[in-house]
Every structure is written in structure tokens, then in C-alpha cells.
Amino acid sequence: LLRNPTMTGAGNREFRRSVYNWLVAVAGTATVAYCVYTLPVAQIDQRFVILALAMLIGSRITVEIPRAKGHISVSDTFVFLTLLLFGGQAAVLLASAEALTSSHRFSKKPIVAFFNAGVMGCSTAITAAVLHFGFGPVTQLWNSYSPNLIVALCVMALVQYVVNSGLVAISGALNLNQPVWFTWRTNFLWTSITYFAGASAAGIIAILIYKYGF
């Protein structure tokens with residue numbers, strides 16, 4: 001039997017991308033489940049509810065990625081702020097929930113929503129782990145303005161940016177049959193500024209909360 005090589009190649013790419021997307025979604029689901037189990041409920045108060053509501057509003061403000069079917073949301077600032085105020089578990093839950101609920105504006109496919117939630121869950125969890133092992137308890141980083149805080153904010157933005165954009169770039173590379181580095185450099189390199197701006201804003205807000213109250 002003769003087969004169309006173009007169709008076969010496209011089918012293989014779509015299959016590989018689908019498998020990869022579901023793996024990320026499953027990894028994100030496992031991460032969320034772990035965070036739910038280990039969530040320090042005593043630290044969650046009405047401030048968390050206010051941040052969640054603010055994040056739902058902020059998530060509607062997006063920036064379209066040039067030459068790619070994707071968007072960057074300013075809700076990253078709220079994820080970073082939640083991470084600083086309430087720790088990694090709360091930030092993972094909020095980030096995953098926001099990604100899951102906001103994905104329907106860009107695609108009606110369930111896999112897209114679960115993939116986006118998985119990306120946010122995994123990237124936020126990795127960011128929280130790096131901060132914890134590198135700087136100690138995350139919720140105590142912003143108690144004072146110091147060089148250590150500045151370094152921690154830069155690390156937070158860098159790790160979140162690299163992991164988040166890297167996971168999405170791999171999916172895009174599988175879809176377009178391009179090298180991951182080329183896809184990442186072409187579509188996601190410029191978005192690093194949004195993560196560093198979001199981390200800086202979150203750090204400033206956290207310090208203001210510490211000095212003047214929520």
C-alpha cells in the first residue's frame with residue numbers, strides 16, 4: 001500500500017505533540033494533587049481570596065505572541081505575589097486554576113486547557129522548589145528589602161520564564177517540526193521581560209504589604 005509521506009509526517013507530528021501535551025497535563029495534575037495534600041491551610045485567609053479574584057480580572061489582560069498562537073497574561077504578577085505571601089502550594093493551585101479557566105478564550109479543546117494548567121502547575125512548583133532550596137522559606141523573603149531579595153526575585157522570574165516558555169516551546173516545535181531552540185528563540189525570547197516585570201512588581205507589593213498592611 002502506498003501512503004502519502006506528507007500526511008504520514010503530519011500525523012506523526014500531531015501524535016507526538018498530543019502525547020507530550022497529555023504528559024505535561026498529567027504531570028501538572030499530579031503536582032496539583034500533591035499541593036492540595038500538603039497545603040498549609042492555616043496560612044490561607046481572606047487575602048488569598050482577594051488575590052484570586054484580582055487574578056481572575058487580571059487574566060483577561062493578555063498580550064498576543066507575534067507569529068505564534070499564544071498569549072502572555074499579566075496574571076503572572078499575582079502568581080508571584082501568591083508565592084511570596086502564601087508559599088508554593090497556594091501559588092501552584094492558583095496558577096493552575098487560572099490557566100484552566102482562561103484557556104477557553106483561546107481554544108475549545110480540553111487538551112489545551114489541561115496542558116496550559118499543567119504548564120503553569122509544573123513551572124510554578126519548580127520555581128517554588130528552587131527558591132526554597134536556594135533561599136529558604138519563600139514567605140520570609142520579603143520581610144526586608146535586601147540584596148538577597150533582589151537576587152531571589154530575579155531567580156524566581158528566570159526559572160518561571162525558562163520552564164514555562166520551554167514547555168510551551170517544545171509543544172510548538174513538535175507541531176511545526178522545528179528545532180526547540182529555534183521555536184523558543186523566535187516566539188518566546190522577548191517575553192522574558194513580562195516575567196521580570198511581574199516578579200519586580202510582586203516583590204514591591206509584598207514589601208508594601210509588610211510595611212503598611214494588605
# chains A, B, ... in the order shown; residues from 1 in each chain; ligands from 1
call {"tool": "select_by_dssp", "arguments": {"residues": "range 23-189 of chain A", "states": "alpha helix (DSSP H)", "output": "VMD selection string"}}
result
chain A and resid 23 to 38 46 to 58 76 to 86 88 to 102 110 to 135 147 to 176 180 to 187
call {"tool": "write_last_selection", "arguments": {"atoms": "C-alpha atoms", "output": "tab-separated table (two decimals), in the first residue's frame"}}
result
chain	number	residue	atom	x	y	z
A	23	LEU	CA	2.17	14.02	29.68
A	24	VAL	CA	2.51	17.64	30.77
A	25	ALA	CA	-1.17	17.70	31.75
A	26	VAL	CA	-0.77	14.54	33.84
A	27	ALA	CA	2.38	15.90	35.49
A	28	GLY	CA	0.51	19.11	36.31
A	29	THR	CA	-2.42	17.16	37.75
A	30	ALA	CA	-0.08	15.16	39.98
A	31	THR	CA	1.60	18.39	41.11
A	32	VAL	CA	-1.74	19.98	41.97
A	33	ALA	CA	-2.82	16.89	43.89
A	34	TYR	CA	0.39	16.99	45.94
A	35	CYS	CA	-0.08	20.70	46.65
A	36	VAL	CA	-3.66	20.13	47.79
A	37	TYR	CA	-2.46	17.39	50.15
A	38	THR	CA	0.38	19.48	51.60
A	46	GLN	CA	-9.24	36.28	53.10
A	47	ARG	CA	-6.21	37.89	51.45
A	48	PHE	CA	-5.84	34.78	49.30
A	49	VAL	CA	-9.47	35.08	48.20
A	50	ILE	CA	-8.92	38.73	47.24
A	51	LEU	CA	-5.81	37.80	45.24
A	52	ALA	CA	-7.73	35.05	43.48
A	53	LEU	CA	-10.48	37.48	42.47
A	54	ALA	CA	-7.93	40.06	41.33
A	55	MET	CA	-6.19	37.38	39.30
A	56	LEU	CA	-9.41	36.48	37.50
A	57	ILE	CA	-9.72	40.10	36.42
A	58	GLY	CA	-6.03	40.43	35.55
A	76	ASP	CA	1.92	36.16	36.41
A	77	THR	CA	2.29	39.06	38.85
A	78	PHE	CA	-0.47	37.58	41.02
A	79	VAL	CA	1.14	34.14	40.86
A	80	PHE	CA	4.45	35.58	42.08
A	81	LEU	CA	2.72	37.58	44.81
A	82	THR	CA	0.83	34.49	45.99
A	83	LEU	CA	4.09	32.58	46.03
A	84	LEU	CA	5.71	35.22	48.24
A	85	LEU	CA	2.76	35.62	50.60
A	86	PHE	CA	1.38	32.09	50.91
A	88	GLY	CA	4.44	27.35	46.70
A	89	GLN	CA	1.37	25.17	47.20
A	90	ALA	CA	-1.07	28.07	47.12
A	91	ALA	CA	0.67	29.59	44.10
A	92	VAL	CA	0.51	26.30	42.18
A	93	LEU	CA	-3.20	25.92	42.86
A	94	LEU	CA	-3.98	29.50	41.86
A	95	ALA	CA	-1.81	29.41	38.74
A	96	SER	CA	-3.26	26.11	37.55
A	97	ALA	CA	-6.85	27.20	38.20
A	98	GLU	CA	-6.33	30.46	36.33
A	99	ALA	CA	-4.77	28.72	33.34
A	100	LEU	CA	-7.56	26.15	33.26
A	101	THR	CA	-10.37	28.72	33.36
A	102	SER	CA	-8.81	31.25	30.97
A	110	PRO	CA	-9.97	20.24	26.54
A	111	ILE	CA	-6.37	19.18	25.96
A	112	VAL	CA	-5.36	22.83	25.52
A	113	ALA	CA	-6.86	23.79	28.87
A	114	PHE	CA	-5.31	20.83	30.69
A	115	PHE	CA	-1.95	21.40	29.00
A	116	ASN	CA	-1.90	25.07	29.98
A	117	ALA	CA	-2.84	24.19	33.54
A	118	GLY	CA	-0.11	21.55	33.59
A	119	VAL	CA	2.47	24.02	32.32
A	120	MET	CA	1.58	26.58	34.97
A	121	GLY	CA	1.43	23.99	37.73
A	122	CYS	CA	4.79	22.42	36.88
A	123	SER	CA	6.62	25.71	36.26
A	124	THR	CA	5.31	27.31	39.46
A	125	ALA	CA	6.17	24.22	41.52
A	126	ILE	CA	9.71	24.10	40.13
A	127	THR	CA	10.12	27.83	40.77
A	128	ALA	CA	8.95	27.43	44.37
A	129	ALA	CA	11.30	24.48	44.91
A	130	VAL	CA	14.30	26.37	43.54
A	131	LEU	CA	13.54	29.36	45.77
A	132	HIS	CA	13.07	27.15	48.83
A	133	PHE	CA	16.33	25.26	48.40
A	134	GLY	CA	18.26	28.36	47.38
A	135	PHE	CA	16.91	30.99	49.76
A	147	PRO	CA	20.21	42.26	48.03
A	148	ASN	CA	19.13	38.71	48.85
A	149	LEU	CA	15.54	39.62	47.98
A	150	ILE	CA	16.59	41.15	44.67
A	151	VAL	CA	18.52	38.01	43.72
A	152	ALA	CA	15.60	35.83	44.78
A	153	LEU	CA	13.16	37.83	42.65
A	154	CYS	CA	15.47	37.55	39.63
A	155	VAL	CA	15.82	33.79	40.16
A	156	MET	CA	12.06	33.47	40.57
A	157	ALA	CA	11.40	35.27	37.29
A	158	LEU	CA	14.15	33.42	35.42
A	159	VAL	CA	13.10	29.92	36.49
A	160	GLN	CA	9.41	30.57	35.85
A	161	TYR	CA	10.21	32.04	32.45
A	162	VAL	CA	12.58	29.27	31.33
A	163	VAL	CA	10.38	26.37	32.46
A	164	ASN	CA	7.10	27.90	31.34
A	165	SER	CA	8.26	29.04	27.91
A	166	GLY	CA	10.36	25.91	27.47
A	167	LEU	CA	7.42	23.55	27.98
A	168	VAL	CA	5.27	25.54	25.56
A	169	ALA	CA	8.11	25.82	23.02
A	170	ILE	CA	8.55	22.05	22.94
A	171	SER	CA	4.87	21.63	22.10
A	172	GLY	CA	5.14	24.25	19.37
A	173	ALA	CA	8.30	22.67	17.96
A	174	LEU	CA	6.61	19.27	17.76
A	175	ASN	CA	3.66	20.84	15.95
A	176	LEU	CA	5.77	22.77	13.43
A	180	VAL	CA	13.06	23.56	20.02
A	181	TRP	CA	15.73	26.24	20.23
A	182	PHE	CA	14.53	27.91	17.03
A	183	THR	CA	10.89	27.87	18.18
A	184	TRP	CA	11.78	29.20	21.63
A	185	ARG	CA	14.11	31.90	20.32
A	186	THR	CA	11.65	33.05	17.65
A	187	ASN	CA	8.46	33.15	19.68
call {"tool": "select_by_dssp", "arguments": {"residues": "range 12-197 of chain A", "states": "strand (DSSP E)", "output": "PyMOL selection string"}}
result
chain A and resi 62-64+71-73
call {"tool": "atom_distance", "arguments": {"atom1": "CA of Leu141 in chain A", "atom2": "CA of Trp190 in chain A"}}
result
27.7 Å
